[in-house]
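Take a look at the structure set out below.
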Amino acid sequence: MTDKPVAEMAFEEAMAALEGVVTQLERGEVKLEESIALYERGAALKARCEVLLREAEEKVEKIRLAEGRAVGTEPVTGL
Amino acid sequence: MLVYSHSASSDHVTPLGHPERVARMAAVEQGLAGLAVERRECPLGTREDVLLCHPASHHDRILAAVPVDGWAQLDGDTYLSPGSYQAAMRAVGGMGAAVDAVLGGEAGAAFVACRPPGHHAEARRAMGFCLFGTVAIGAMRALDRHGLPRVAIVDFDVHHGNGTQDLLWDEGDCLFASSHQMPLYPGSGRPEEKGAHGQVLNVPLRGGTDGAAMRAAYERVILPAVADWKPDLLLVSAGFDAHRADPLAGLEWEAEDFRWLAARLWEVSGGRVVSSLEGGYDLPALSESVRAYVEEMARLSA
């Protein structure tokens with residue numbers, strides 16, 4: 001598990017960390033006492049992924065609306 | 001209503017900071033104080049009782065692992081202290097006596113107020129604070145020793161009752177219905193887990209599920225399943241850790257939701273209910289929730 005704050009993670013990092021959390025929870029390897037903390041981390045990672053996806057969608061939408069006009073495209077960052 | 005307990009429950013000592021701790025019993029007692037129930041002492045369960053569900057090797061390994069002082073650790077969560085075996089066997093004995101008393105017509109309902117809890121203990125594996133599958137053992141007692149045709153178990157502890165499910169996976173005469181937060185420890189409890197005869201019913205709930213959503217899930221799925229089963233006895237794994245204050249989980253139930261559960265479970269039970277304490281780790285919430293649950297069950301079964 002990386003120590004990087006969830007809010008600073010790129011999409012791939014958050015997704016990989018989320019997959020790790022889900023695998024741990026599903027395997028039942030986690031202590032009862034620690035399970036809820038891991039679940040909360042999973043929820044935070046999921047929220048981070050959703051934010052990044054939404055940002056990406058908005059950027060794609062801007063590009064789509066700008067199509068046919070010479071405004072160029074904005075770089076998609078954070079993906 | 002009968003309430004079974006024993007001082008041995010307080011001799012199962014866990015390391016400092018462990019949530020499943022001796023102080024839980026005082027919280028339960030505080031919740032029970034002044035209720036119109038008949039208090040009885042748990043007899044000691046027997047090795048044969050445990051063998052209704054577990055192989056002898058599991059029982060003997062637990063017994064042999066009991067330390068003379070300090071602790072023996074069985075997994076990341078589960079500890080034995082010198083008094084742990086006796087405590088677990090009083091829980092098993094209390095369950096047995098409660099089943100016998102309710103089936104003997106002495107009362108409509110009983111509550112076994114003991115620790116350690118039992119619903120995570122699998123056939124050959126102690127885990128999640130649990131040593132023996134107290135409630136599953138109660139079900140097998142009713143089926144095998146009393147010859148009841150049909151038993152049902154409802155488990156509303158916030159964690160999935162993987163142990164009960166494991167112990168009764170092949171038992172077609174016992175419905176096992178569980179609601180639990182998912183994902184959460186122990187990771188099992190998906191709806192696809194249905195038991196060898198389709199008699200297992202898992203109802204996972206998302207983190208944050210409140211009392212209203214819980215009631216809707218029970219009304220839609222679990223209560224009709226129990227009513228259709230027409231059990232001759234209903235056993236309940238009564239964990240109170242779905243309370244919003246509980247530190248080990250993330251559901252949002254309140255004490256009044258446990259009162260509601262008591263009422264609805266009584267209504268679908270056919271009039272014979274034995275409940276056994278499982279989890280619940282916020283002491284004021286445990287106290288208040290046990291009170292609400294037992295008070296309502298006592299009122300309706302009187």
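Each chain of the structure tokens is named A, B, ... in the order shown, its residues numbered from 1; ligands are numbered from 1 in display order.
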
Note to self: Can you pull out the residues contacting region 167-184 of chain B? Cut-off 8 Å, using only C-alpha atoms, and skip same-chain residues under 5 positions away; I want them as a ChimeraX atom specification.
What the structure shows: /A:22,25-26,35-36,39 /B:53-54,122-123,133,136,139,143,149-161,189,195-207,222,226,229,249-251

The selected residues should be written to file as a short mmCIF file (atom, residue, chain, number, x, y, z; two decimals), in the first residue's frame (atoms: C-alpha atoms).
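Generated output (part02.cif):
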data_model
loop_
_atom_site.label_atom_id
_atom_site.label_comp_id
_atom_site.auth_asym_id
_atom_site.auth_seq_id
_atom_site.Cartn_x
_atom_site.Cartn_y
_atom_site.Cartn_z
CA VAL A 22 -10.88 -5.14 -2.93
CA LEU A 25 -11.27 -7.72 1.46
CA GLU A 26 -12.54 -10.48 -0.78
CA SER A 35 -11.46 -4.39 7.99
CA ILE A 36 -13.44 -1.18 8.39
CA TYR A 39 -13.11 -0.43 3.57
CA CYS B 53 -20.84 -29.08 14.42
CA HIS B 54 -17.06 -29.30 14.73
CA GLU B 122 -15.70 -22.48 10.99
CA ALA B 123 -15.59 -26.26 11.32
CA GLY B 133 -20.20 -21.96 16.42
CA ALA B 136 -25.03 -23.51 14.62
CA ALA B 139 -29.52 -25.48 15.45
CA LEU B 143 -32.63 -30.83 14.63
CA PRO B 149 -38.10 -30.84 11.13
CA ARG B 150 -37.15 -27.24 10.37
CA VAL B 151 -35.01 -24.60 12.00
CA ALA B 152 -34.17 -21.10 10.76
CA ILE B 153 -31.31 -18.80 11.70
CA VAL B 154 -31.25 -15.05 11.13
CA ASP B 155 -27.89 -13.31 11.59
CA PHE B 156 -28.08 -9.52 11.79
CA ASP B 157 -24.54 -8.98 13.04
CA VAL B 158 -22.83 -6.45 10.73
CA HIS B 159 -20.25 -9.04 9.71
CA HIS B 160 -21.16 -12.07 7.64
CA GLY B 161 -21.70 -15.25 9.67
CA GLY B 189 -21.61 -13.54 2.17
CA GLY B 195 -25.75 -23.50 0.53
CA ALA B 196 -25.81 -27.10 -0.73
CA HIS B 197 -29.62 -27.13 -0.80
CA GLY B 198 -30.31 -23.47 -1.59
CA GLN B 199 -31.03 -22.91 2.10
CA VAL B 200 -28.53 -20.07 2.61
CA LEU B 201 -29.72 -16.52 1.98
CA ASN B 202 -27.13 -13.77 1.96
CA VAL B 203 -28.22 -10.14 1.88
CA PRO B 204 -25.20 -7.85 1.67
CA LEU B 205 -25.74 -4.19 2.54
CA ARG B 206 -23.65 -1.23 1.36
CA GLY B 207 -21.70 0.84 3.83
CA ILE B 222 -35.35 -12.04 4.83
CA VAL B 226 -38.28 -17.04 7.25
CA TRP B 229 -39.74 -21.64 5.85
CA ALA B 249 -18.30 -1.15 10.80
CA GLY B 250 -20.08 1.49 8.78
CA LEU B 251 -23.83 0.90 8.87
#

Margin query: Taking 5 positions as the minimum chain separation for residues in the same chain, which residues sit within 8 Å of Ala14 (chain A) when counting only C-alpha atoms? Answer as a list in words.
Written below: Val6, Met9, Leu45, Lys46, Arg48 and Cys49 of chain A

Note to self: Can you tell me, as an NGL selection string, which residues in region 171-211 of chain B count as strand (DSSP E or B) by DSSP?
What the structure shows: :B and (174-181 or 200-205 or 210)

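The space between CA of Leu103 (chain B) and CA of Glu38 (chain B) spans 16.3 Å.
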
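In this structure, the chain A residues at most 10 Å away from chain B are A:Val21, A:Val22, A:Thr23, A:Gln24, A:Leu25, A:Glu26, A:Arg27, A:Gly28, A:Glu29, A:Val30, A:Lys31, A:Leu32, A:Glu33, A:Glu34, A:Ser35, A:Ile36, A:Ala37, A:Leu38, A:Tyr39, A:Glu40, A:Gly42, A:Ala43, with only C-alpha atoms considered.
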
Next item on the list: Among the residues of chain A, find those DSSP assigns to alpha helix (DSSP H) from the backbone and print them as a PyMOL selection string.
Entry: chain A and resi 11-27+32-66

Could you write out that same residue set with C-alpha atoms as an mmCIF file, in the first residue's frame?
data_model
loop_
_atom_site.group_PDB
_atom_site.id
_atom_site.type_symbol
_atom_site.label_atom_id
_atom_site.label_comp_id
_atom_site.auth_asym_id
_atom_site.auth_seq_id
_atom_site.Cartn_x
_atom_site.Cartn_y
_atom_site.Cartn_z
ATOM 1 C CA PHE A 11 -6.098 7.503 -11.973
ATOM 2 C CA GLU A 12 -3.921 4.445 -12.525
ATOM 3 C CA GLU A 13 -2.482 4.680 -9.015
ATOM 4 C CA ALA A 14 -5.894 5.023 -7.374
ATOM 5 C CA MET A 15 -7.345 2.206 -9.476
ATOM 6 C CA ALA A 16 -4.455 -0.130 -8.692
ATOM 7 C CA ALA A 17 -4.691 0.658 -4.985
ATOM 8 C CA LEU A 18 -8.459 0.109 -5.094
ATOM 9 C CA GLU A 19 -8.027 -3.262 -6.761
ATOM 10 C CA GLY A 20 -5.554 -4.201 -4.044
ATOM 11 C CA VAL A 21 -8.027 -3.217 -1.316
ATOM 12 C CA VAL A 22 -10.885 -5.135 -2.934
ATOM 13 C CA THR A 23 -8.721 -8.241 -3.355
ATOM 14 C CA GLN A 24 -7.680 -8.126 0.292
ATOM 15 C CA LEU A 25 -11.271 -7.716 1.465
ATOM 16 C CA GLU A 26 -12.536 -10.484 -0.777
ATOM 17 C CA ARG A 27 -9.857 -12.947 0.262
ATOM 18 C CA LEU A 32 -11.789 -8.042 11.676
ATOM 19 C CA GLU A 33 -10.501 -5.056 13.596
ATOM 20 C CA GLU A 34 -8.807 -3.551 10.522
ATOM 21 C CA SER A 35 -11.462 -4.393 7.988
ATOM 22 C CA ILE A 36 -13.445 -1.181 8.391
ATOM 23 C CA ALA A 37 -10.344 1.026 7.962
ATOM 24 C CA LEU A 38 -9.534 -0.820 4.759
ATOM 25 C CA TYR A 39 -13.113 -0.432 3.571
ATOM 26 C CA GLU A 40 -12.969 3.305 4.228
ATOM 27 C CA ARG A 41 -9.721 3.523 2.241
ATOM 28 C CA GLY A 42 -11.452 1.654 -0.565
ATOM 29 C CA ALA A 43 -14.306 4.155 -0.514
ATOM 30 C CA ALA A 44 -11.843 7.072 -0.659
ATOM 31 C CA LEU A 45 -10.000 5.490 -3.596
ATOM 32 C CA LYS A 46 -13.263 4.881 -5.418
ATOM 33 C CA ALA A 47 -14.259 8.516 -4.903
ATOM 34 C CA ARG A 48 -10.860 9.650 -6.243
ATOM 35 C CA CYS A 49 -11.282 7.500 -9.350
ATOM 36 C CA GLU A 50 -14.758 8.911 -9.907
ATOM 37 C CA VAL A 51 -13.508 12.506 -9.631
ATOM 38 C CA LEU A 52 -10.738 11.853 -12.173
ATOM 39 C CA LEU A 53 -13.116 10.108 -14.540
ATOM 40 C CA ARG A 54 -15.590 12.962 -14.323
ATOM 41 C CA GLU A 55 -12.838 15.505 -15.019
ATOM 42 C CA ALA A 56 -11.737 13.494 -18.030
ATOM 43 C CA GLU A 57 -15.307 13.268 -19.300
ATOM 44 C CA GLU A 58 -15.737 17.019 -19.000
ATOM 45 C CA LYS A 59 -12.545 17.576 -20.986
ATOM 46 C CA VAL A 60 -13.633 15.196 -23.708
ATOM 47 C CA GLU A 61 -16.959 16.995 -23.842
ATOM 48 C CA LYS A 62 -15.210 20.366 -24.269
ATOM 49 C CA ILE A 63 -13.189 18.952 -27.131
ATOM 50 C CA ARG A 64 -16.303 17.539 -28.740
ATOM 51 C CA LEU A 65 -18.113 20.876 -28.506
ATOM 52 C CA ALA A 66 -15.092 22.644 -29.957
#

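In this model, the gap between CA of Glu296 (chain B) and CA of Ala87 (chain B) comes to 27.1 Å.
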
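Between CA of Ala97 (chain B) and CA of Ser7 (chain B) the interatomic distance comes to 16.2 Å.
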
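Each of B:Gly211, B:Gly94, B:Pro191, B:Pro15 was compared to Leu277 (chain B) using only C-alpha atoms, and B:Gly94 turns out to be the nearest.
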
Note to self: For Ala107 (chain B), find every residue with an atom within 7 Å (counting only C-alpha atoms), except residues of its own chain fewer than 5 positions away, and show them as an NGL selection string.
What the structure shows: :B and (1-2 or 101-102)

Pull all heavy atoms from the residues just selected and write them as a PDB file, in the first residue's frame.
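Everything below was put into result-v1.pdb:
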ATOM      1  N   MET B   1     -39.718 -14.169  29.209  1.00  0.00           N
ATOM      2  CA  MET B   1     -38.500 -14.397  28.422  1.00  0.00           C
ATOM      3  C   MET B   1     -37.352 -14.797  29.352  1.00  0.00           C
ATOM      4  O   MET B   1     -37.205 -14.258  30.439  1.00  0.00           O
ATOM      5  CB  MET B   1     -38.136 -13.121  27.653  1.00  0.00           C
ATOM      6  CG  MET B   1     -36.884 -13.287  26.801  1.00  0.00           C
ATOM      7  SD  MET B   1     -36.760 -11.942  25.594  1.00  0.00           S
ATOM      8  CE  MET B   1     -35.208 -12.326  24.808  1.00  0.00           C
ATOM      9  N   LEU B   2     -36.548 -15.730  28.887  1.00  0.00           N
ATOM     10  CA  LEU B   2     -35.404 -16.199  29.668  1.00  0.00           C
ATOM     11  C   LEU B   2     -34.129 -15.521  29.178  1.00  0.00           C
ATOM     12  O   LEU B   2     -33.941 -15.348  27.971  1.00  0.00           O
ATOM     13  CB  LEU B   2     -35.244 -17.714  29.511  1.00  0.00           C
ATOM     14  CG  LEU B   2     -36.486 -18.558  29.816  1.00  0.00           C
ATOM     15  CD1 LEU B   2     -36.233 -20.024  29.464  1.00  0.00           C
ATOM     16  CD2 LEU B   2     -36.857 -18.426  31.301  1.00  0.00           C
ATOM     17  N   ALA B 101     -35.235 -25.181  26.842  1.00  0.00           N
ATOM     18  CA  ALA B 101     -36.299 -24.521  27.598  1.00  0.00           C
ATOM     19  C   ALA B 101     -37.407 -24.013  26.674  1.00  0.00           C
ATOM     20  O   ALA B 101     -38.598 -24.167  26.967  1.00  0.00           O
ATOM     21  CB  ALA B 101     -35.719 -23.360  28.411  1.00  0.00           C
ATOM     22  N   VAL B 102     -37.004 -23.418  25.558  1.00  0.00           N
ATOM     23  CA  VAL B 102     -38.011 -22.879  24.636  1.00  0.00           C
ATOM     24  C   VAL B 102     -38.784 -24.025  23.974  1.00  0.00           C
ATOM     25  O   VAL B 102     -40.014 -23.966  23.846  1.00  0.00           O
ATOM     26  CB  VAL B 102     -37.347 -21.946  23.594  1.00  0.00           C
ATOM     27  CG1 VAL B 102     -38.289 -21.645  22.440  1.00  0.00           C
ATOM     28  CG2 VAL B 102     -36.901 -20.649  24.279  1.00  0.00           C
TER      29      VAL B 102
END

Next item on the list: Can you pull out every residue within 8 Å of Pro116 (chain B), counting only C-alpha atoms, but drop anything in the same chain fewer than 2 positions away, and send it as JSON, numbers by chain?
Entry: {"B": [9, 12, 20, 84, 87, 88, 91, 114, 118, 129, 130, 131, 278]}
